[in-house]
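Peer 1: Sharing a structure with you now.
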Amino acid sequence: MTALHFLTYDLLLRSTVPIEGHVGDESYYAIILCRFYFLWLAILLGMILFYNFYKNVSFDMFKSEHQSYIIGIFLWVIIPFMMFTFAKTKVRWYILPIYPLLSIVIGVLASKIFTNGKLIIRILLLSAILYVSYSYESQIQTYLNNPIPNFQLSLIQKTQALDGVRGYSLFMYHSPGHKAVWAQSAVLTAELVNDFKVRSGGLHAFLKNDRALLLVKKRWFNKQLLTSYHLSVMASNSWGYILCKKKI
């Protein structure tokens, strides 16, 4: 990858237009934080409120000589969060750099409470931390050991056994009045399985492309679709179908 490609594609293009199906609005990363980090954020907010209202615990980081640390912490969180919030391409792991900082802040605040707080407060905080740690670890283990099946991805993976379709464009059929939205997991699977180029435009764009496949959800599939546009089924499962043009 050249420096020019990195500058134009990975920086400029991703910032100005949503690419590879990675779409989302300005609330995308706030939702991601709440979904995957909510309990830790609740503990962090609780400790901040505790410091504001409980006068017996001093936190010397707020002294004037430590203001540079506070500014650094603020910038560490706000710059990547705001930058990726307004970038058009949204990928949930783009904001990973702020997680270590949030963990450090939680650790520092918790250590102050464990050192200077009352016994009941320390017990409550320790219980909350243990509960949240156990909760997230349980979710991780459940996801790793018993992943929820994704039949759309399974259907795309079936194309790995097909000959002559590598590098094709992959379109998604949508009924009139609906807009097809590619899940990021589907985009990644399509790229990894057969180097598919995920495209928008639906049926009409598919028909104009000679090297293309059409992904159709089961509820929108019917035989008239096959006969009207001279299509054939290349793969199917309980989620839907992958169609191609018949060779005439």
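In the structure tokens, chains take the letters A, B, ... in the order shown, each chain's residues start at 1, and ligands count up from 1 in the order shown.
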Could you list, as number ranges by chain, every residue within 12 Å of stretch 242-244 of chain A, counting only C-alpha atoms and ignoring same-chain residues fewer than 4 positions away?

Peer 2: A: 152-159, 162, 164-165, 168-173, 203, 206-207, 209-218, 221-223, 225-227, 229-238

Peer 1: Looking only at helix (DSSP H, G or I) from DSSP on the backbone, list the matching residues of stretch 36-169 of chain A as an mmCIF file with C-alpha atoms, in the first residue's frame.

Peer 2:
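Once written, out-v3.cif looks like this:
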data_model
loop_
_atom_site.group_PDB
_atom_site.id
_atom_site.type_symbol
_atom_site.label_atom_id
_atom_site.label_comp_id
_atom_site.auth_asym_id
_atom_site.auth_seq_id
_atom_site.Cartn_x
_atom_site.Cartn_y
_atom_site.Cartn_z
ATOM 1 C CA PHE A 36 -20.476 -2.396 25.152
ATOM 2 C CA TYR A 37 -19.261 -0.188 28.020
ATOM 3 C CA PHE A 38 -22.435 0.902 29.798
ATOM 4 C CA LEU A 39 -21.808 -0.731 33.183
ATOM 5 C CA TRP A 40 -18.253 0.608 33.395
ATOM 6 C CA LEU A 41 -19.505 4.069 32.422
ATOM 7 C CA ALA A 42 -22.115 3.814 35.178
ATOM 8 C CA ILE A 43 -19.375 3.041 37.723
ATOM 9 C CA LEU A 44 -17.272 5.922 36.389
ATOM 10 C CA LEU A 45 -20.193 8.340 36.642
ATOM 11 C CA GLY A 46 -20.982 7.103 40.145
ATOM 12 C CA MET A 47 -17.412 7.713 41.317
ATOM 13 C CA ILE A 48 -17.354 11.203 39.780
ATOM 14 C CA LEU A 49 -20.580 12.071 41.597
ATOM 15 C CA PHE A 50 -19.129 10.599 44.783
ATOM 16 C CA TYR A 51 -16.110 12.903 44.566
ATOM 17 C CA ASN A 52 -18.355 15.908 44.009
ATOM 18 C CA PHE A 53 -20.591 15.287 47.016
ATOM 19 C CA ASP A 60 -5.210 15.757 44.365
ATOM 20 C CA MET A 61 -5.378 15.306 40.605
ATOM 21 C CA PHE A 62 -7.817 18.215 40.502
ATOM 22 C CA SER A 64 -3.931 23.308 39.731
ATOM 23 C CA GLU A 65 -0.524 21.676 39.272
ATOM 24 C CA HIS A 66 -2.218 18.648 37.754
ATOM 25 C CA GLN A 67 -4.419 20.500 35.293
ATOM 26 C CA SER A 68 -2.216 19.392 32.402
ATOM 27 C CA TYR A 69 -3.106 15.773 33.203
ATOM 28 C CA ILE A 70 -6.800 16.607 33.166
ATOM 29 C CA ILE A 71 -6.455 18.395 29.834
ATOM 30 C CA GLY A 72 -4.522 15.436 28.423
ATOM 31 C CA ILE A 73 -7.176 12.983 29.595
ATOM 32 C CA PHE A 74 -9.939 15.124 28.128
ATOM 33 C CA LEU A 75 -8.193 15.451 24.762
ATOM 34 C CA TRP A 76 -7.352 11.733 24.676
ATOM 35 C CA VAL A 77 -11.063 10.926 24.859
ATOM 36 C CA ILE A 78 -12.706 13.786 23.012
ATOM 37 C CA ILE A 79 -10.444 14.079 19.942
ATOM 38 C CA PRO A 80 -10.761 10.506 18.590
ATOM 39 C CA PHE A 81 -14.401 10.310 19.647
ATOM 40 C CA MET A 82 -15.404 13.528 17.874
ATOM 41 C CA MET A 83 -13.168 12.882 14.866
ATOM 42 C CA PHE A 84 -14.701 9.476 14.161
ATOM 43 C CA THR A 85 -18.198 10.679 15.049
ATOM 44 C CA PHE A 86 -18.147 13.159 12.175
ATOM 45 C CA ARG A 92 -17.019 0.295 15.943
ATOM 46 C CA TRP A 93 -13.369 -0.494 16.690
ATOM 47 C CA TYR A 94 -12.220 2.933 15.474
ATOM 48 C CA ILE A 95 -12.732 4.302 19.005
ATOM 49 C CA ILE A 98 -10.289 5.701 24.248
ATOM 50 C CA TYR A 99 -10.955 2.463 26.154
ATOM 51 C CA PRO A 100 -7.528 2.244 27.852
ATOM 52 C CA LEU A 101 -7.898 5.836 29.040
ATOM 53 C CA LEU A 102 -11.348 5.173 30.494
ATOM 54 C CA SER A 103 -9.942 2.107 32.250
ATOM 55 C CA ILE A 104 -7.079 4.146 33.717
ATOM 56 C CA VAL A 105 -9.464 6.840 34.984
ATOM 57 C CA ILE A 106 -11.715 4.223 36.574
ATOM 58 C CA GLY A 107 -8.683 2.610 38.220
ATOM 59 C CA VAL A 108 -7.329 5.898 39.591
ATOM 60 C CA LEU A 109 -10.675 7.007 40.999
ATOM 61 C CA ALA A 110 -11.341 3.582 42.497
ATOM 62 C CA SER A 111 -7.923 3.491 44.180
ATOM 63 C CA LYS A 112 -8.638 6.837 45.871
ATOM 64 C CA ILE A 113 -11.944 5.557 47.209
ATOM 65 C CA PHE A 114 -10.383 2.308 48.426
ATOM 66 C CA THR A 115 -7.710 4.342 50.211
ATOM 67 C CA ASN A 116 -9.813 7.100 51.778
ATOM 68 C CA LEU A 119 -15.816 0.893 54.681
ATOM 69 C CA ILE A 120 -19.372 0.648 53.354
ATOM 70 C CA ILE A 121 -18.440 2.711 50.278
ATOM 71 C CA ARG A 122 -15.417 0.522 49.603
ATOM 72 C CA ILE A 123 -17.519 -2.629 49.915
ATOM 73 C CA LEU A 124 -20.149 -1.253 47.540
ATOM 74 C CA LEU A 125 -17.545 -0.194 44.985
ATOM 75 C CA LEU A 126 -15.698 -3.510 45.161
ATOM 76 C CA SER A 127 -18.978 -5.388 44.759
ATOM 77 C CA ALA A 128 -19.907 -3.261 41.740
ATOM 78 C CA ILE A 129 -16.516 -3.795 40.083
ATOM 79 C CA LEU A 130 -16.631 -7.557 40.664
ATOM 80 C CA TYR A 131 -20.194 -7.745 39.354
ATOM 81 C CA VAL A 132 -19.410 -5.752 36.200
ATOM 82 C CA SER A 133 -16.221 -7.737 35.558
ATOM 83 C CA TYR A 134 -18.084 -11.022 35.943
ATOM 84 C CA SER A 135 -20.956 -9.797 33.766
ATOM 85 C CA TYR A 136 -18.763 -8.774 30.841
ATOM 86 C CA GLU A 137 -16.534 -11.829 31.137
ATOM 87 C CA SER A 138 -19.626 -14.051 31.055
ATOM 88 C CA GLN A 139 -20.831 -12.292 27.906
ATOM 89 C CA ILE A 140 -17.441 -12.770 26.254
ATOM 90 C CA GLN A 141 -17.310 -16.468 27.136
ATOM 91 C CA THR A 142 -20.883 -16.992 25.949
ATOM 92 C CA TYR A 143 -20.113 -15.279 22.656
ATOM 93 C CA LEU A 144 -16.949 -17.328 22.125
ATOM 94 C CA ASN A 145 -18.366 -20.695 23.151
ATOM 95 C CA PHE A 151 -27.488 -17.313 8.510
ATOM 96 C CA GLN A 152 -26.840 -14.378 6.194
ATOM 97 C CA LEU A 153 -23.102 -14.806 6.726
ATOM 98 C CA SER A 154 -23.453 -18.573 6.316
ATOM 99 C CA LEU A 155 -25.106 -18.017 2.949
ATOM 100 C CA ILE A 156 -22.295 -15.750 1.771
ATOM 101 C CA GLN A 157 -19.754 -18.330 2.959
ATOM 102 C CA LYS A 158 -21.406 -20.946 0.740
ATOM 103 C CA THR A 159 -20.068 -19.118 -2.309
ATOM 104 C CA GLN A 160 -16.597 -20.304 -1.358
ATOM 105 C CA ALA A 161 -17.452 -23.601 -3.066
#

Peer 1: Any idea what the distance is between atom CA of A:Asp25 and atom CA of A:Tyr241?

Peer 2: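 Straight-line distance from atom CA of A:Asp25 to atom CA of A:Tyr241 works out to 29.5 Å.
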
Peer 1: Expressed in Å to a single decimal, how great is the separation between atom CA of A:Tyr28 and atom CA of A:Ser200?

Peer 2: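 Taking atom CA of A:Tyr28 and atom CA of A:Ser200, their separation equals 20.7 Å.
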
Peer 1: One decimal, Å: what's the distance from atom CA of A:Gly202 over to atom CA of A:His174, could you say?

Peer 2: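 Separation of atom CA of A:Gly202 and atom CA of A:His174: 6.3 Å.
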
Peer 1: If you run DSSP over the backbone, which residues in stretch 50-227 of chain A end up strand (DSSP E or B)? Put them as a count of residues only.

Peer 2: 12
